[in-house]
Amino acid sequence: MKNPRIAELEKLIKKYQDSYYNGEAEIEDAEFDKLWDELKALDPENAILQRVGADSGNFSKIQHIMPMGSQEKAADPEQFLAWAAKHTYDKYLVEYKLDGASLELQYQNGYLVRAVTRGDGSIGDDITANAKKMNGVLPAIYKDGQLVPFTGGIRGEVIMTHEVHKKYFSDKANCRNAANGLMKRKDGSGSEYLKLITYDALALDGKSYFNYEEEKIRWLMDCGFNVVPLVICLNPQRVIAYRAKVMEERKNLEYDIDGLVIKERAINLEDASRARPDRQIAFKFSLEEAVTTLRKVEWSISGSTYTPVAVFDEVELNGTKVQRASLANPDTMRKLKVEIGSHVVVVKRGEIIPKIEAVVEEKNLRTFPVEYPQTCEVCGSKLIDDGSRLYCPEKSCAKRVLHQLLKFVQTVDIRDLGETLVTSLFNDKVLKSVSDIYTLSQEDLIPYFLNEESIEAEKKSLGAEKVYKSIQSHRNMKLAVFLAAFDIQDFGETTAQKLIDAGFNSLEKLLSADENQIAQVYGFAETMAATIVEGLKENKEEMLSLVNEGIISIEAEGGGILEGKSFCFTGELNKMKRADAQKLVKDNGGSIKSSVTKDLSYLVTNDTSSGSSKNVRAKELGIPVINEDEFLALFK
């Protein structure tokens, strides 16, 4: 029996394809691409993935000279680089991917005989009468005043300029829809408002008019055709940089483009004849990225770490208006060469928070260097810039201590000891370290729940009693939880568990490990290892004191029905809070992940058929996607 989601995707894709090719596209390209990618992940060989589209039945049908298949596509630089790693060219030829309607002009001995729409990729509608009215459709091919006896096909894209759309067809949703509708009118009216831009040609007469792709564009231009702009890039990184530049420039173009087409210099007829050519790719723009101007950099302080945050002119990413994005750390800023006034590419992939991905390379743009904070705003210590982070080195810095206290309470999950109460206790110097949490008595807590009059009347505080009991019930914990609770940079619970699983399965072993030993564990780079060793050394005395004095009891490693299994949760749960579900996993030997990776055991969601990025990624990797009931059944 066919997967119901596959059947649903087939229906949606066919519906939106048909509306696209008949002039009234119902959704944006990026939304259509998400449906396409999901079907590809679920059923890579599905026949509909080979289907191009279909024209209306209003015109006679004509066989194409040049196959008009669909291209492979990359939605972001990572996908493009993955393709480029398998397609190494001396030069990458890059053209605009025009957002219009494909058209093939068929010539015999230099004279136009037919103009054929894309149709299903092999057969299209004959709209010759309409095409002859369009700008850029030549009734005969001349070069240097002489007829060129060309027999074959010339392919291009029918577009409507923004100016024409605004002036005459503003009632249409966009230029592409308007162009599609006009070019297929029975009476041909309105076709004179359209323009053909060409980018391909194939001769059938055995003559050689060009030897390379760039010569083909030059030949088309010399013959009088409108041609697509062509740029030659020497490596994939230059392609990515050029894409960023075009993303900024496209708002000023006279017509719409929705990406770039990247191909090799050699003309590959065998590859071009395939339903889906392999030697070229459409590097598309996305609703999840935009170009804007960086106005300033603010520094967000979390504990000891100062994190740069970009503030820029507002842009819309996937329906959300955005003005701020992460710049990660000083090394990232230096690598990007970001400055105030730079034009930057902002991305928001899936459910990840916005970030600056690239800086558009431009000459004569006035920019100013970003100012880095030099001293801690709380204790005045000189900040240390080690590249991967900018931080205050003073362990006794009030902001660092408070952050560590809050981190400990959150990680150990002492829920009744809330942030406001912790902050008040810290400000009153009742809490000065993690160890102080376990010395709190009910008497210490009562003033934070009762006023002086109530205390004098010897009233009992249920709130103070509840907090005290909550603290006492959290003296027993797993080693990974204990380690993560000390707020060491890059050392969360999952990271700690990886070290434990690699053999550092006791507090003593971890505290005595050096940078080289930790760096040898898979996934731990030298910089990360150095940060962890430094953090453990800094907290060593208090960690050992808590354990050796019996204040904290570390559970033995291993055991539990979920041992070795990892879970990622997405969306709302109905029967329990997500925090409770995650705790249930940890209590039974499992681990929690925040994203879908190849080593994930289960993705838990009550919307298993949704097209969310996590669902799609899980299906691509073959990871089981289960709902809440199936999750709870694992514990029976």
# chains A, B, ... in the order shown; residues from 1 in each chain; ligands from 1
call {"tool": "closest_atom_pairs", "arguments": {"of": "range 51-94 of chain A", "to": "range 145-165 of chain A", "cutoff": "12 Å", "atoms": "only C-alpha atoms", "output": "tab-separated table"}}
result
residue	atom	partner	partner_atom	distance
A:Gln63	CA	A:Gly153	CA	11.2
A:His64	CA	A:Gly153	CA	8.2
A:Ile65	CA	A:Gly153	CA	5.8
A:Met66	CA	A:Gly153	CA	6.4
A:Pro67	CA	A:Arg155	CA	10.0
A:Met68	CA	A:Arg155	CA	9.0
call {"tool": "write_last_selection", "arguments": {"atoms": "C-alpha atoms", "output": "CSV table (one decimal), in the first residue's frame"}}
result
chain,number,residue,atom,x,y,z
A,63,GLN,CA,7.9,17.7,-30.8
A,64,HIS,CA,10.9,19.6,-29.4
A,65,ILE,CA,14.3,19.6,-31.1
A,66,MET,CA,16.0,20.2,-27.7
A,67,PRO,CA,14.8,18.2,-24.7
A,68,MET,CA,13.4,20.5,-22.0
call {"tool": "residues_around", "arguments": {"residues": "range 465-469 of chain A", "least_positions_apart": "4", "cutoff": "10 Å", "atoms": "only C-alpha atoms", "output": "list in words"}}
result
Ile414, Arg415, Asp416, Leu417, Gly418, Leu421, Ile437, Tyr438, Thr439, Leu440, Ser441, Gln442, Glu443, Asp444, Leu445, Ile446, Lys460, Ser461, Ser473 and His474 of chain A
call {"tool": "closest_residue", "arguments": {"among": "A:Ile356, A:Val311, A:Val412, A:Val246", "to": "Phe283 in chain A", "atoms": "only C-alpha atoms"}}
result
A:Val246
call {"tool": "closest_residue", "arguments": {"among": "A:Ile217, A:Ala140, A:Leu103, A:Ile532", "to": "Lys184 in chain A", "atoms": "only C-alpha atoms"}}
result
A:Leu103
call {"tool": "residues_around", "arguments": {"residues": "Val346 in chain A", "least_positions_apart": "4", "cutoff": "6 Å", "atoms": "only C-alpha atoms", "output": "VMD selection string"}}
result
chain A and resid 289 to 290 355 to 357
call {"tool": "write_last_selection", "arguments": {"atoms": "N, CA, C and O atoms", "output": "PDB file, in the first residue's frame"}}
result
ATOM      1  N   GLU A 289      16.471  33.389   2.673  1.00  0.00           N
ATOM      2  CA  GLU A 289      17.689  34.183   2.628  1.00  0.00           C
ATOM      3  C   GLU A 289      17.405  35.528   1.963  1.00  0.00           C
ATOM      4  O   GLU A 289      16.501  35.654   1.139  1.00  0.00           O
ATOM      5  N   ALA A 290      18.193  36.532   2.347  1.00  0.00           N
ATOM      6  CA  ALA A 290      18.001  37.869   1.793  1.00  0.00           C
ATOM      7  C   ALA A 290      19.294  38.656   1.974  1.00  0.00           C
ATOM      8  O   ALA A 290      20.160  38.298   2.776  1.00  0.00           O
ATOM      9  N   LYS A 355      21.246  33.875  10.787  1.00  0.00           N
ATOM     10  CA  LYS A 355      22.683  34.120  10.913  1.00  0.00           C
ATOM     11  C   LYS A 355      23.180  34.811   9.647  1.00  0.00           C
ATOM     12  O   LYS A 355      22.534  34.771   8.605  1.00  0.00           O
ATOM     13  N   ILE A 356      24.325  35.465   9.752  1.00  0.00           N
ATOM     14  CA  ILE A 356      24.974  36.093   8.599  1.00  0.00           C
ATOM     15  C   ILE A 356      25.810  35.021   7.919  1.00  0.00           C
ATOM     16  O   ILE A 356      26.695  34.428   8.537  1.00  0.00           O
ATOM     17  N   GLU A 357      25.538  34.775   6.645  1.00  0.00           N
ATOM     18  CA  GLU A 357      26.233  33.700   5.935  1.00  0.00           C
ATOM     19  C   GLU A 357      27.394  34.214   5.088  1.00  0.00           C
ATOM     20  O   GLU A 357      28.384  33.520   4.900  1.00  0.00           O
TER      21      GLU A 357
END
call {"tool": "residues_around", "arguments": {"residues": "range 600-609 of chain A", "least_positions_apart": "5", "cutoff": "7 Å", "atoms": "only C-alpha atoms", "output": "number ranges by chain"}}
result
A: 5, 565-571, 573, 623-628, 631
call {"tool": "closest_residue", "arguments": {"among": "A:Ala525, A:Ala82, A:Leu546, A:Val409", "to": "Asp487 in chain A", "atoms": "only C-alpha atoms"}}
result
A:Val409
call {"tool": "closest_atom_pairs", "arguments": {"of": "range 311-363 of chain A", "to": "range 247-270 of chain A", "cutoff": "10 Å", "atoms": "only C-alpha atoms", "output": "CSV"}}
result
residue,atom,partner,partner_atom,distance
A:His343,CA,A:Glu248,CA,8.1
A:Val344,CA,A:Glu248,CA,9.0
A:Val345,CA,A:Met247,CA,8.4
A:Val360,CA,A:Glu248,CA,8.1
call {"tool": "write_last_selection", "arguments": {"atoms": "N, CA and C atoms", "output": "PDB file, in the first residue's frame"}}
result
ATOM      1  N   HIS A 343      27.085  44.959   2.897  1.00  0.00           N
ATOM      2  CA  HIS A 343      25.882  44.289   2.426  1.00  0.00           C
ATOM      3  C   HIS A 343      26.068  42.803   2.715  1.00  0.00           C
ATOM      4  N   VAL A 344      25.157  42.238   3.505  1.00  0.00           N
ATOM      5  CA  VAL A 344      25.338  40.878   4.016  1.00  0.00           C
ATOM      6  C   VAL A 344      24.185  39.971   3.593  1.00  0.00           C
ATOM      7  N   VAL A 345      24.495  38.671   3.492  1.00  0.00           N
ATOM      8  CA  VAL A 345      23.484  37.661   3.194  1.00  0.00           C
ATOM      9  C   VAL A 345      23.005  37.086   4.525  1.00  0.00           C
ATOM     10  N   VAL A 360      28.639  40.484   0.729  1.00  0.00           N
ATOM     11  CA  VAL A 360      28.684  40.719  -0.710  1.00  0.00           C
ATOM     12  C   VAL A 360      29.910  41.566  -1.029  1.00  0.00           C
TER      13      VAL A 360
END
call {"tool": "closest_residue", "arguments": {"among": "A:Lys619, A:Lys296, A:Arg243, A:Lys335", "to": "Lys40 in chain A", "atoms": "only C-alpha atoms"}}
result
A:Lys619
call {"tool": "atom_distance", "arguments": {"atom1": "CA of Leu294 in chain A", "atom2": "CA of Asp99 in chain A"}}
result
28.7 Å
call {"tool": "select_by_dssp", "arguments": {"residues": "range 327-520 of chain A", "states": "strand (DSSP E or B)", "output": "list of chain:residue names"}}
result
A:Ile340, A:His343, A:Val344, A:Val345, A:Val346, A:Val347, A:Lys355, A:Ile356, A:Glu357, A:Ala358, A:Val359, A:Phe368, A:Thr375, A:Lys382, A:Ile384, A:Asp385, A:Leu390, A:Tyr391, A:Asn476, A:Met477
